[in-house]
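S.K.: Structure provided below as structure tokens; questions to follow.
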Amino acid sequence: MIFTALMGNPFVDAAVCAICEWLGIDDPEEIDQQYLQQLVAEVAPLMQSETGWKNLHSIYPNSVLVNPSFKNQNRVALLEDLCHDYLRQVEPLGSMGDCLGCGRRDSKKVRLKRQNIPLTGSGALLNFFPTFQEGVGYCAACALAVQFLPLGLVATSGRFLMMHANIWSAQRYWSRRCVEDLQQQYSRQEINGCYNPGYFKAKNALFFMAKEMISYEEENDLENLSLTIYDFSNYAQDPKLDLYQIPSKVFNFLRYCYQRQFQSDWLQVVRAGYLKVDWNKVESEDDYKNKFNLVFEKLLKQQSILGFFLNRRARNVRAGWQLLSCYLQEVRQMELTRIEAIQKIGDSIAETIRQSDRDRRLKQLERSKSYAECRNVLRFLIQDRIAQGQPEPLFTLTEYMEYLFPNTGEEFTNWRESRDLLLFHLYEQLHDWLIEKDYVSEADEMEEDFMEEE
Ligand SMILES: [Zn+2]
């Protein structure tokens, strides 16, 4: 056995997984010398800028693949020589060792630098490395694997996305998308290099890849997946690395969003997150897919995206209750009892507003800018209900304290989330009535008596 799944080093794990995809084998433990020979013979001729593989200087700067001093030599032969050299030294996986890739074989004093392993340093700056060595210690098997890392990378503009997950099949689905593209390039004999779905922004690209991975999912094997995306360039003058994490609760929610019945709702919510898009001029996804997206941004920062479920201008909702409820429970960790209590209060408010025959309280709620303002609107609504002769109170003290505005110790900073949840219900219940009463067209111009009853 030379490799096993998820040995812990992101570069090695991503590379081993992409190798499995290329070879069409399920278990990395099946990889043997013969498979590795096949890999070198098939992939080395593709992986060079002469065939059209661009940006290799940003993965392996100064390597035999890009260094101008090898310009007049056969780069494929040089890469094959390097790989065969590693192949001869490959040893079976042991129980321990000092290799930075697997930790289960010794590096045998092989010290690698950035032309072989991205982001390891030039070797000249000795204080980059343990005990002032000129590079990092990798065993021959791991070093060989990393030469094929580009098979599993997603290219963005000048940089690359690499994924590392805690679930092997997730690693597989990511690699599958990349390798499928490369194999198509191979069969067309039109090589462009690493899979490039046309994204310049890493965050947009990683949500695209999450969607692709979910489309491959079998038997719920992506449940509780948490993944880390490395957005890097190993370009010699300007190496860079940004890390993004999709927490498991967000990924679980995305799996839900991409179920057939929720896809179009989710698309509406995501579209609301793009900034500076003139939707009247959009002809295809390419017109907006690289714009900054607040929904993606907030999901990664673990901030609420509840507001994007609302279309305030149209006084309507962008997605159904089921999808929102899943978001609140899965991502915001909101208890179902709390969601249902707010729903019940929303129903009563809708009834009060309908009976009043005006949209004034709705406007006030929409425009409240602080907890105090929001609380005041609720006070007006309580007065309205008394005037209307409603026997039941709008909410009990317990409902107010525990469900509507629970004190989470953050000075009620989440009041907006409760308000938006109320608005969601109101739009759901009242949208048709608002249209009928012609209250929707005015929604943008309203600027009147907001706090007059204070
Ligand atoms: Zn190793």
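Letters for chains follow the order of the structure tokens (A, B, ...), residue numbers begin at 1 for each chain, and ligand numbers begin at 1 in the order shown.
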Mind listing the residues within 6 Å of ligand 1, only C-alpha atoms and all ligand atoms counted, as a PyMOL selection string?
M.R.: chain A and resi 99+101-103+105+138-139+141-142
S.K.: Any chance you could export the current selection's N, CA and C atoms as a tab-separated table (two decimals), in the first residue's frame?
M.R.:
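File written: selection_34.tsv
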```tsv
chain	number	residue	atom	x	y	z
A	99	CYS	N	7.93	12.38	7.00
A	99	CYS	CA	7.40	13.02	5.78
A	99	CYS	C	6.26	13.97	6.15
A	101	GLY	N	4.02	14.96	4.22
A	101	GLY	CA	2.81	14.62	3.48
A	101	GLY	C	1.99	13.54	4.15
A	102	CYS	N	2.62	12.42	4.48
A	102	CYS	CA	1.88	11.28	5.02
A	102	CYS	C	2.19	11.02	6.50
A	103	GLY	N	3.36	11.42	6.95
A	103	GLY	CA	3.75	11.13	8.34
A	103	GLY	C	3.96	9.65	8.59
A	105	ARG	N	6.13	7.71	6.38
A	105	ARG	CA	7.37	7.26	5.72
A	105	ARG	C	8.42	8.31	6.02
A	138	TYR	N	9.75	15.62	2.28
A	138	TYR	CA	8.63	14.81	1.77
A	138	TYR	C	9.19	13.46	1.34
A	139	CYS	N	8.42	12.38	1.53
A	139	CYS	CA	8.85	11.10	1.01
A	139	CYS	C	8.62	11.09	-0.51
A	141	ALA	N	6.94	9.13	-2.43
A	141	ALA	CA	5.56	8.86	-2.87
A	141	ALA	C	4.71	10.14	-2.80
A	142	CYS	N	4.82	10.87	-1.70
A	142	CYS	CA	4.04	12.10	-1.56
A	142	CYS	C	4.53	13.16	-2.55
```
S.K.: Tell me which protein, DNA and RNA residues are within 6 Å of A:Met162, counting only C-alpha atoms, leaving out same-chain ones fewer than 3 positions away, and put them as an NGL selection string.
M.R.: :A and (153 or 229-230)
S.K.: Those same residues, written as a short mmCIF file (atom, residue, chain, number, x, y, z; two decimals), in the first residue's frame with all heavy atoms?
M.R.:
```
data_model
loop_
_atom_site.label_atom_id
_atom_site.label_comp_id
_atom_site.auth_asym_id
_atom_site.auth_seq_id
_atom_site.Cartn_x
_atom_site.Cartn_y
_atom_site.Cartn_z
N LEU A 153 -7.25 20.88 -9.34
CA LEU A 153 -7.38 22.30 -8.99
C LEU A 153 -8.40 22.99 -9.89
O LEU A 153 -8.56 22.63 -11.05
CB LEU A 153 -6.03 23.01 -9.16
CG LEU A 153 -4.86 22.54 -8.28
CD1 LEU A 153 -3.62 23.37 -8.60
CD2 LEU A 153 -5.20 22.65 -6.81
N ILE A 229 -11.33 25.56 1.73
CA ILE A 229 -10.88 25.83 0.37
C ILE A 229 -9.61 26.67 0.47
O ILE A 229 -9.60 27.70 1.15
CB ILE A 229 -11.93 26.63 -0.43
CG1 ILE A 229 -13.32 26.05 -0.28
CG2 ILE A 229 -11.51 26.78 -1.88
CD1 ILE A 229 -13.59 24.80 -1.02
N TYR A 230 -8.58 26.24 -0.21
CA TYR A 230 -7.33 26.99 -0.29
C TYR A 230 -7.34 27.74 -1.60
O TYR A 230 -7.40 27.12 -2.67
CB TYR A 230 -6.13 26.04 -0.25
CG TYR A 230 -5.98 25.30 1.06
CD1 TYR A 230 -6.90 24.31 1.43
CD2 TYR A 230 -4.93 25.58 1.92
CE1 TYR A 230 -6.77 23.65 2.64
CE2 TYR A 230 -4.80 24.91 3.13
CZ TYR A 230 -5.72 23.94 3.48
OH TYR A 230 -5.60 23.28 4.68
#
```
S.K.: For each of A:Leu430, A:Cys374, A:Asp384, A:Arg111, take the minimum atom-to-atom distance to A:Trp415, counting only C-alpha atoms, then give the residue where this is smallest.
M.R.: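 The answer is A:Cys374, which sits nearest to A:Trp415.
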S.K.: So which one's closest to A:Phe308, A:Ile342, A:Val440, A:Val377, A:Leu423? Using only C-alpha atoms, please.
M.R.: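 Closest residue, counting only C-alpha atoms: A:Leu423.
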S.K.: So which residues of stretch 181-344 of chain A fall under alpha helix (DSSP H) by DSSP, listed as a count of residues only?
M.R.: 71
S.K.: So how far away is atom CA of A:Arg338 from atom CA of A:Arg367, in Å?
M.R.: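 Between atom CA of A:Arg367 and atom CA of A:Arg338 the gap works out to 23.5 Å.
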S.K.: Interatomic distance between atom CA of A:Tyr403 and atom CA of A:Leu299?
M.R.: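 Spanning atom CA of A:Tyr403 to atom CA of A:Leu299 is a straight-line distance of 23.4 Å.
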